[in-house]
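Okay, so here's the structure we're looking at.
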Amino acid sequence: MSYDIKRSVSLYSYQDEYYDGKLDLEGCLRETAKTGATGVELLAEQMIRRFPLPIETQEFRDQWFGWLKKYNLEPSCYDAFLENKIYDNRTLSLGEQINMMKRDIRLASMLGFKNLRTLVSTPMDVIEGSLDYAAEMDVKIGLEVHAPFSLNSGWADGYMEMIHKTGTKHFGFIPDMGIFCRNIPDVLRDKARRQGASEECIKIVDDSYAQRLEKGFVKIKYDLNLGKANMEYRMANGMKEMMDAVEKAGGGPADKAYAGASFTYSWSEPQDLIDNIDYIFHTHAKFYNVHEDYVETAVAIPEVVEAFKKAGYKGFLSSEYEGGEHLRDVGVDSIEQVRRHQEAMRRAIEG
Amino acid sequence: MSYDIKRSVSLYSYQDEYYDGKLDLEGCLRETAKTGATGVELLAEQMIRRFPLPIETQEFRDQWFGWLKKYNLEPSCYDAFLENKIYDNRTLSLGEQINMMKRDIRLASMLGFKNLRTLVSTPMDVIEGSLDYAAEMDVKIGLEVHAPFSLNSGWADGYMEMIHKTGTKHFGFIPDMGIFCRNIPDVLRDKARRQGASEECIKIVDDSYAQRLEKGFVKIKYDLNLGKANMEYRMANGMKEMMDAVEKAGGGPADKAYAGASFTYSWSEPQDLIDNIDYIFHTHAKFYNVHEDYVETAVAIPEVVEAFKKAGYKGFLSSEYEGGEHLRDVGVDSIEQVRRHQEAMRRAIEG
Amino acid sequence: MAGRQIYNPDGFKNVEENGKITGYQFQFKAQYYRGFTLSIVRDIQVNVDGEDAAREDIRFTVNGETFTLEEMRTVVDSDYRWEFGDYATVTVQKEGGLAKGAHHIKAMQIIAPSYMPFQTEALCEADFEIA
Amino acid sequence: MAGRQIYNPDGFKNVEENGKITGYQFQFKAQYYRGFTLSIVRDIQVNVDGEDAAREDIRFTVNGETFTLEEMRTVVDSDYRWEFGDYATVTVQKEGGLAKGAHHIKAMQIIAPSYMPFQTEALCEADFEIA
Ligand SMILES: [Mn+2]
Ligand SMILES: [Mn+2]
């Protein structure tokens, strides 16, 4: 299948530098362009103060499009956050949530984005109620498939039903490559060690992950109560047994934290991408630590890119660096990490 | 002094017909034009559903300006309501209130209004914080001087100070002619009778009003706590004595209601208009019941118009009918009332 | 003494869900001259035939969306205002609803526009029939 | 083990009003990767030198406007967000403030982004000096 795989950077990747005041929004675009990426993914609420007001001004939009031109970047995806519990006394009604989604679709459109990322917590009927507007604005709503969720599951089937029922061309999936982790990232493990975790407990957790990978993860179910769905998923995947073993091995807080965190990574088959390619128009290229030799610690980049090629994927792979949180005590360099990741992807795409 | 006194109708006047579905927004404009008035005053929150969203659309604005052209009407004043207690857990902060005021200034401007009515409850620092924006949008903020408030008072002095301090040309007063009532309106009295008030009690209340008028009303003071300011004002103007007399005369609910309501009308000297004319750019021509002979029951229209002429007033007198609430049990005809009032004003202006 | 219409005469009915009568419903207009956000509705008190409804049993519907009185405290969306001159639908959860025949309602609208020193309290009374 | 900067090192001070010291103040950044409305801040808990501050004594300032934690529950204005990477100022009302010299703060940021199953709780510790 002929493919057209392009490279993007999600500015989420530069959060530590932005937080420290080392990069501003334009600086992030500049660094993105330096990697050779041609696309940029934006979390408007992260790097635009007084959100959403500036986006409503001609001044800001002119500045934004000026930067895109200057740095030769295409808007690849707008990451929205549906703040449907914005007040603590209730969840917003369906109508209010749809209004919020429409607002995000409109903002995305004003900044030139054709894709909008929505999170797993977005109720299906909110998405369904926004499809007409999405079509009107020609913005595709992409449900991010993020660990512990996966394609080819009961959870995803519900959404597939909605796609078939409505016939929409403006809803699909945005896989986050964190669902293709062969093992727990080394940065998490090394942090656990710095915090005092024992090698014995670390091995228990790593072995447990390897078992899940071999057996195949029991998939998470659709439930608006995400806390409940998450807990059932963990239990179904042997969390109790693993925690008991860690306890028995005398595990302390660092060991237990490592054990708990291990469930935020998962493995699913890259074949899932091929099976669902008709509904995938953007991808979060999640990564945790790319070494000097351009090998990433956990995400199976070569296999995933191979599957995208085989499927004939036409879209961006958008670097999403999430290793920094495990390095804040020893020093984060997102710029270098993203550079390496973009090179790793370039090699896989062009190789 | 050369004057230029024009006639406007506040669509507030048609509230009963709108409530009953007999008139819609366009219908109100049509009736306004029939009276010969050339100006229209709008309460956007009253007659525009989904406020403020339609005003933000080209479609609505085109329709609005189309109507103004069709009915030969000029936008005279936009009546805002500062909902600064929109949440029950607090009063909005100063910054939020200023944002709300600026929103209203912007909305007024988008509909072609040069004047915005703000209520006595608007804190002075909210007005002050909005003056630059008002100047930028060329919209004048008018503080409505509504009974029991009055010009030439300690209350008004505070605002005069702000005008002098800031040098602003975009803040002033909008007198409501309910501050020029020679007596309590007959529609209120007749309603009290229908509700069972005794002639004896009615006389006590009417005499009490006449005394206040003769002595001169003790003026209300500036206090952000309007309930407190109001109560002190009533006490200072003999409310206790009047209520005691009504009690002693065996007054029931209807008598007491009439007594309490009498304090919502007041008399001040039309000379106050002349003294403050530099700061008056719009006027609410409040009225309660214009008889077939074009004489209004309470508001001293001829004297007030005379004062405006003497002062060289350049602006609208905007009919604001507030008699309907006392006639709902027997039938309201706002259209006829406004027609009569416009004719009464025309005679006073041209006579 | 008649007044202007407050209640929708065709709005009084029992409410059915899944074959069971779960409550009764009526529609009325706000006794205030402006549209406003639901967040300034302090209370809707309902008394039918001398019996007070509990605040928690009351549901309020405008423009197709339904809220409890507690939820309304933070409803400021432009699509869900109590518009001037428009009916809002009030549903009172009550197993079995109201008996067929004549009833009397006294409902109080308690609204707190920010500029008023005191909240408004409008008592709305009517006789009605459940068919 | 050092981490990234959370507190503004120059932000610790006593607060004076009308010649009296009424409390102490610090500034810190949100431990979350996005700007958000104050309405999702469930709590800011402050403990200095082992002493918990009372919730009612806490004031929170962003962009020049100050709120109590209770007021923040309905603050959704775009001008008053806790922006990513920006300091918010926390003032704790305390007669006399803090003594000159060294102190230790443990403050907890409890934030509830809607998409998360559970609220985030970030413990922020630091040693500081009152000059
Ligand atoms: Mn992602
Ligand atoms: Mn008025």
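Each chain in the structure tokens gets a letter, A, B, ..., in the order shown, and its residues are numbered from 1; ligands are numbered from 1 in order too.
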
Next item on the list: Grab the Cα RMSD for chain D fitted onto chain C, all atoms paired in sequence order, one decimal please.
Entry: 0.0 Å

Check: For chain D against chain C, which residues fall within 12 Å using only C-alpha atoms, given as an MDAnalysis selection string?
Finding: chainID D and resid 39 73:76

Note to self: Hey, which residues sit close to ligand 1? Say within 9 Å, counting only C-alpha atoms and all ligand atoms, and write them as a PyMOL selection string.
What the structure shows: chain A and resi 10+117+144-146+174-178+283-286+320+322

Since we have the selection now, will you write its residues out, keeping N, CA, C and O atoms, as an mmCIF file, in the first residue's frame?
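Output file result-v4.cif follows:
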data_model
loop_
_atom_site.group_PDB
_atom_site.id
_atom_site.type_symbol
_atom_site.label_atom_id
_atom_site.label_comp_id
_atom_site.auth_asym_id
_atom_site.auth_seq_id
_atom_site.Cartn_x
_atom_site.Cartn_y
_atom_site.Cartn_z
ATOM 1 N N SER A 10 4.579 17.038 18.971
ATOM 2 C CA SER A 10 3.607 17.615 19.893
ATOM 3 C C SER A 10 4.365 18.479 20.880
ATOM 4 O O SER A 10 5.338 18.026 21.515
ATOM 5 N N ARG A 117 -7.786 16.120 18.932
ATOM 6 C CA ARG A 117 -7.652 14.960 19.813
ATOM 7 C C ARG A 117 -8.622 15.100 20.953
ATOM 8 O O ARG A 117 -8.632 16.118 21.659
ATOM 9 N N GLU A 144 -8.232 9.521 21.309
ATOM 10 C CA GLU A 144 -6.891 9.033 21.551
ATOM 11 C C GLU A 144 -6.943 7.653 22.185
ATOM 12 O O GLU A 144 -7.599 7.467 23.220
ATOM 13 N N VAL A 145 -6.296 6.694 21.548
ATOM 14 C CA VAL A 145 -6.229 5.339 22.098
ATOM 15 C C VAL A 145 -4.935 5.257 22.896
ATOM 16 O O VAL A 145 -3.856 5.084 22.355
ATOM 17 N N HIS A 146 -5.073 5.391 24.185
ATOM 18 C CA HIS A 146 -3.967 5.573 25.116
ATOM 19 C C HIS A 146 -3.978 4.398 26.072
ATOM 20 O O HIS A 146 -5.041 3.941 26.475
ATOM 21 N N ILE A 174 -6.913 8.071 17.323
ATOM 22 C CA ILE A 174 -5.532 8.557 17.338
ATOM 23 C C ILE A 174 -4.767 7.618 18.263
ATOM 24 O O ILE A 174 -4.810 7.761 19.492
ATOM 25 N N PRO A 175 -4.088 6.615 17.700
ATOM 26 C CA PRO A 175 -3.337 5.717 18.579
ATOM 27 C C PRO A 175 -2.195 6.460 19.230
ATOM 28 O O PRO A 175 -1.553 7.310 18.612
ATOM 29 N N ASP A 176 -1.983 6.160 20.496
ATOM 30 C CA ASP A 176 -0.803 6.674 21.204
ATOM 31 C C ASP A 176 0.151 5.500 21.320
ATOM 32 O O ASP A 176 -0.204 4.430 21.838
ATOM 33 N N MET A 177 1.368 5.684 20.809
ATOM 34 C CA MET A 177 2.268 4.541 20.701
ATOM 35 C C MET A 177 2.696 3.946 22.037
ATOM 36 O O MET A 177 3.387 2.925 22.063
ATOM 37 N N GLY A 178 2.252 4.545 23.131
ATOM 38 C CA GLY A 178 2.474 3.940 24.442
ATOM 39 C C GLY A 178 1.721 2.623 24.585
ATOM 40 O O GLY A 178 1.918 1.890 25.565
ATOM 41 N N THR A 283 -1.464 10.159 14.724
ATOM 42 C CA THR A 283 -0.866 9.248 15.702
ATOM 43 C C THR A 283 0.011 10.010 16.689
ATOM 44 O O THR A 283 0.808 10.873 16.281
ATOM 45 N N HIS A 284 -0.144 9.697 17.968
ATOM 46 C CA HIS A 284 0.789 10.203 18.974
ATOM 47 C C HIS A 284 1.960 9.252 19.042
ATOM 48 O O HIS A 284 1.818 8.097 19.463
ATOM 49 N N ALA A 285 3.128 9.732 18.603
ATOM 50 C CA ALA A 285 4.330 8.892 18.686
ATOM 51 C C ALA A 285 4.929 9.076 20.079
ATOM 52 O O ALA A 285 5.928 9.767 20.267
ATOM 53 N N LYS A 286 4.253 8.464 21.049
ATOM 54 C CA LYS A 286 4.702 8.508 22.438
ATOM 55 C C LYS A 286 6.084 7.875 22.540
ATOM 56 O O LYS A 286 6.373 6.870 21.871
ATOM 57 N N GLU A 320 5.759 12.526 20.994
ATOM 58 C CA GLU A 320 5.166 12.964 22.247
ATOM 59 C C GLU A 320 6.058 12.434 23.367
ATOM 60 O O GLU A 320 5.951 11.277 23.805
ATOM 61 N N GLU A 322 7.455 11.711 26.864
ATOM 62 C CA GLU A 322 6.920 11.618 28.223
ATOM 63 C C GLU A 322 7.940 10.981 29.156
ATOM 64 O O GLU A 322 7.580 10.212 30.052
#

Margin query: Please identify the strand (DSSP E or B) residues within region 198-308 of chain B (assignment by DSSP from backbone atoms) and present them as a ChimeraX atom specification.
Written below: /B:267,280,283-287,290,296,299

Note to self: Counting only C-alpha atoms, a student should be able to say which residues of chain A come within 9 Å of chain D; what is the right answer, written as a ChimeraX atom specification?
What the structure shows: /A:12,15-16,18-21,43-53,81-88,91,119-122,225-228,230,327-331

Using C-alpha atoms, can you export the residues from the last selection as an mmCIF file, in the first residue's frame?
data_model
loop_
_atom_site.group_PDB
_atom_site.id
_atom_site.type_symbol
_atom_site.label_atom_id
_atom_site.label_comp_id
_atom_site.auth_asym_id
_atom_site.auth_seq_id
_atom_site.Cartn_x
_atom_site.Cartn_y
_atom_site.Cartn_z
ATOM 1 C CA TYR A 12 3.694 18.642 24.975
ATOM 2 C CA GLN A 15 6.799 21.012 28.676
ATOM 3 C CA ASP A 16 9.815 21.009 31.003
ATOM 4 C CA TYR A 18 8.477 25.764 28.800
ATOM 5 C CA TYR A 19 7.821 25.344 32.530
ATOM 6 C CA ASP A 20 11.352 26.573 33.263
ATOM 7 C CA GLY A 21 10.950 29.543 30.961
ATOM 8 C CA LEU A 43 -2.131 21.860 23.432
ATOM 9 C CA ALA A 44 -3.686 25.314 23.345
ATOM 10 C CA GLU A 45 -4.391 25.300 27.062
ATOM 11 C CA GLN A 46 -0.737 24.628 27.799
ATOM 12 C CA MET A 47 1.026 27.374 25.895
ATOM 13 C CA ILE A 48 -1.594 30.048 25.228
ATOM 14 C CA ARG A 49 -2.258 32.233 28.242
ATOM 15 C CA ARG A 50 -5.835 33.448 28.793
ATOM 16 C CA PHE A 51 -7.119 30.528 26.735
ATOM 17 C CA PRO A 52 -9.163 30.724 24.611
ATOM 18 C CA LEU A 53 -9.267 34.505 24.183
ATOM 19 C CA PHE A 81 -9.391 18.702 27.097
ATOM 20 C CA LEU A 82 -13.098 18.435 27.753
ATOM 21 C CA GLU A 83 -13.423 20.131 31.117
ATOM 22 C CA ASN A 84 -16.850 18.670 31.780
ATOM 23 C CA LYS A 85 -16.339 18.779 35.537
ATOM 24 C CA ILE A 86 -15.360 22.419 35.447
ATOM 25 C CA TYR A 87 -17.621 22.962 38.475
ATOM 26 C CA ASP A 88 -17.382 20.670 41.476
ATOM 27 C CA THR A 91 -20.851 17.019 35.454
ATOM 28 C CA LEU A 119 -9.633 11.924 25.415
ATOM 29 C CA VAL A 120 -11.116 8.562 26.405
ATOM 30 C CA SER A 121 -13.124 10.331 29.097
ATOM 31 C CA THR A 122 -15.258 12.115 26.491
ATOM 32 C CA ASN A 225 -16.620 5.523 35.395
ATOM 33 C CA LEU A 226 -13.000 5.446 34.393
ATOM 34 C CA GLY A 227 -11.713 4.779 37.893
ATOM 35 C CA LYS A 228 -13.788 1.621 38.016
ATOM 36 C CA ASN A 230 -9.164 1.070 35.317
ATOM 37 C CA LEU A 327 14.229 12.772 35.136
ATOM 38 C CA ARG A 328 13.309 15.965 36.944
ATOM 39 C CA ASP A 329 15.607 15.137 39.819
ATOM 40 C CA VAL A 330 18.608 14.592 37.555
ATOM 41 C CA GLY A 331 17.959 16.891 34.614
#

Notebook entry, point to check: Among region 193-336 of chain A, which ones does DSSP place in alpha helix (DSSP H), written as a VMD selection string?
Noted result: chain A and resid 193 to 194 199 to 215 226 to 236 239 to 248 253 to 261 271 to 275 301 to 311 334 to 336
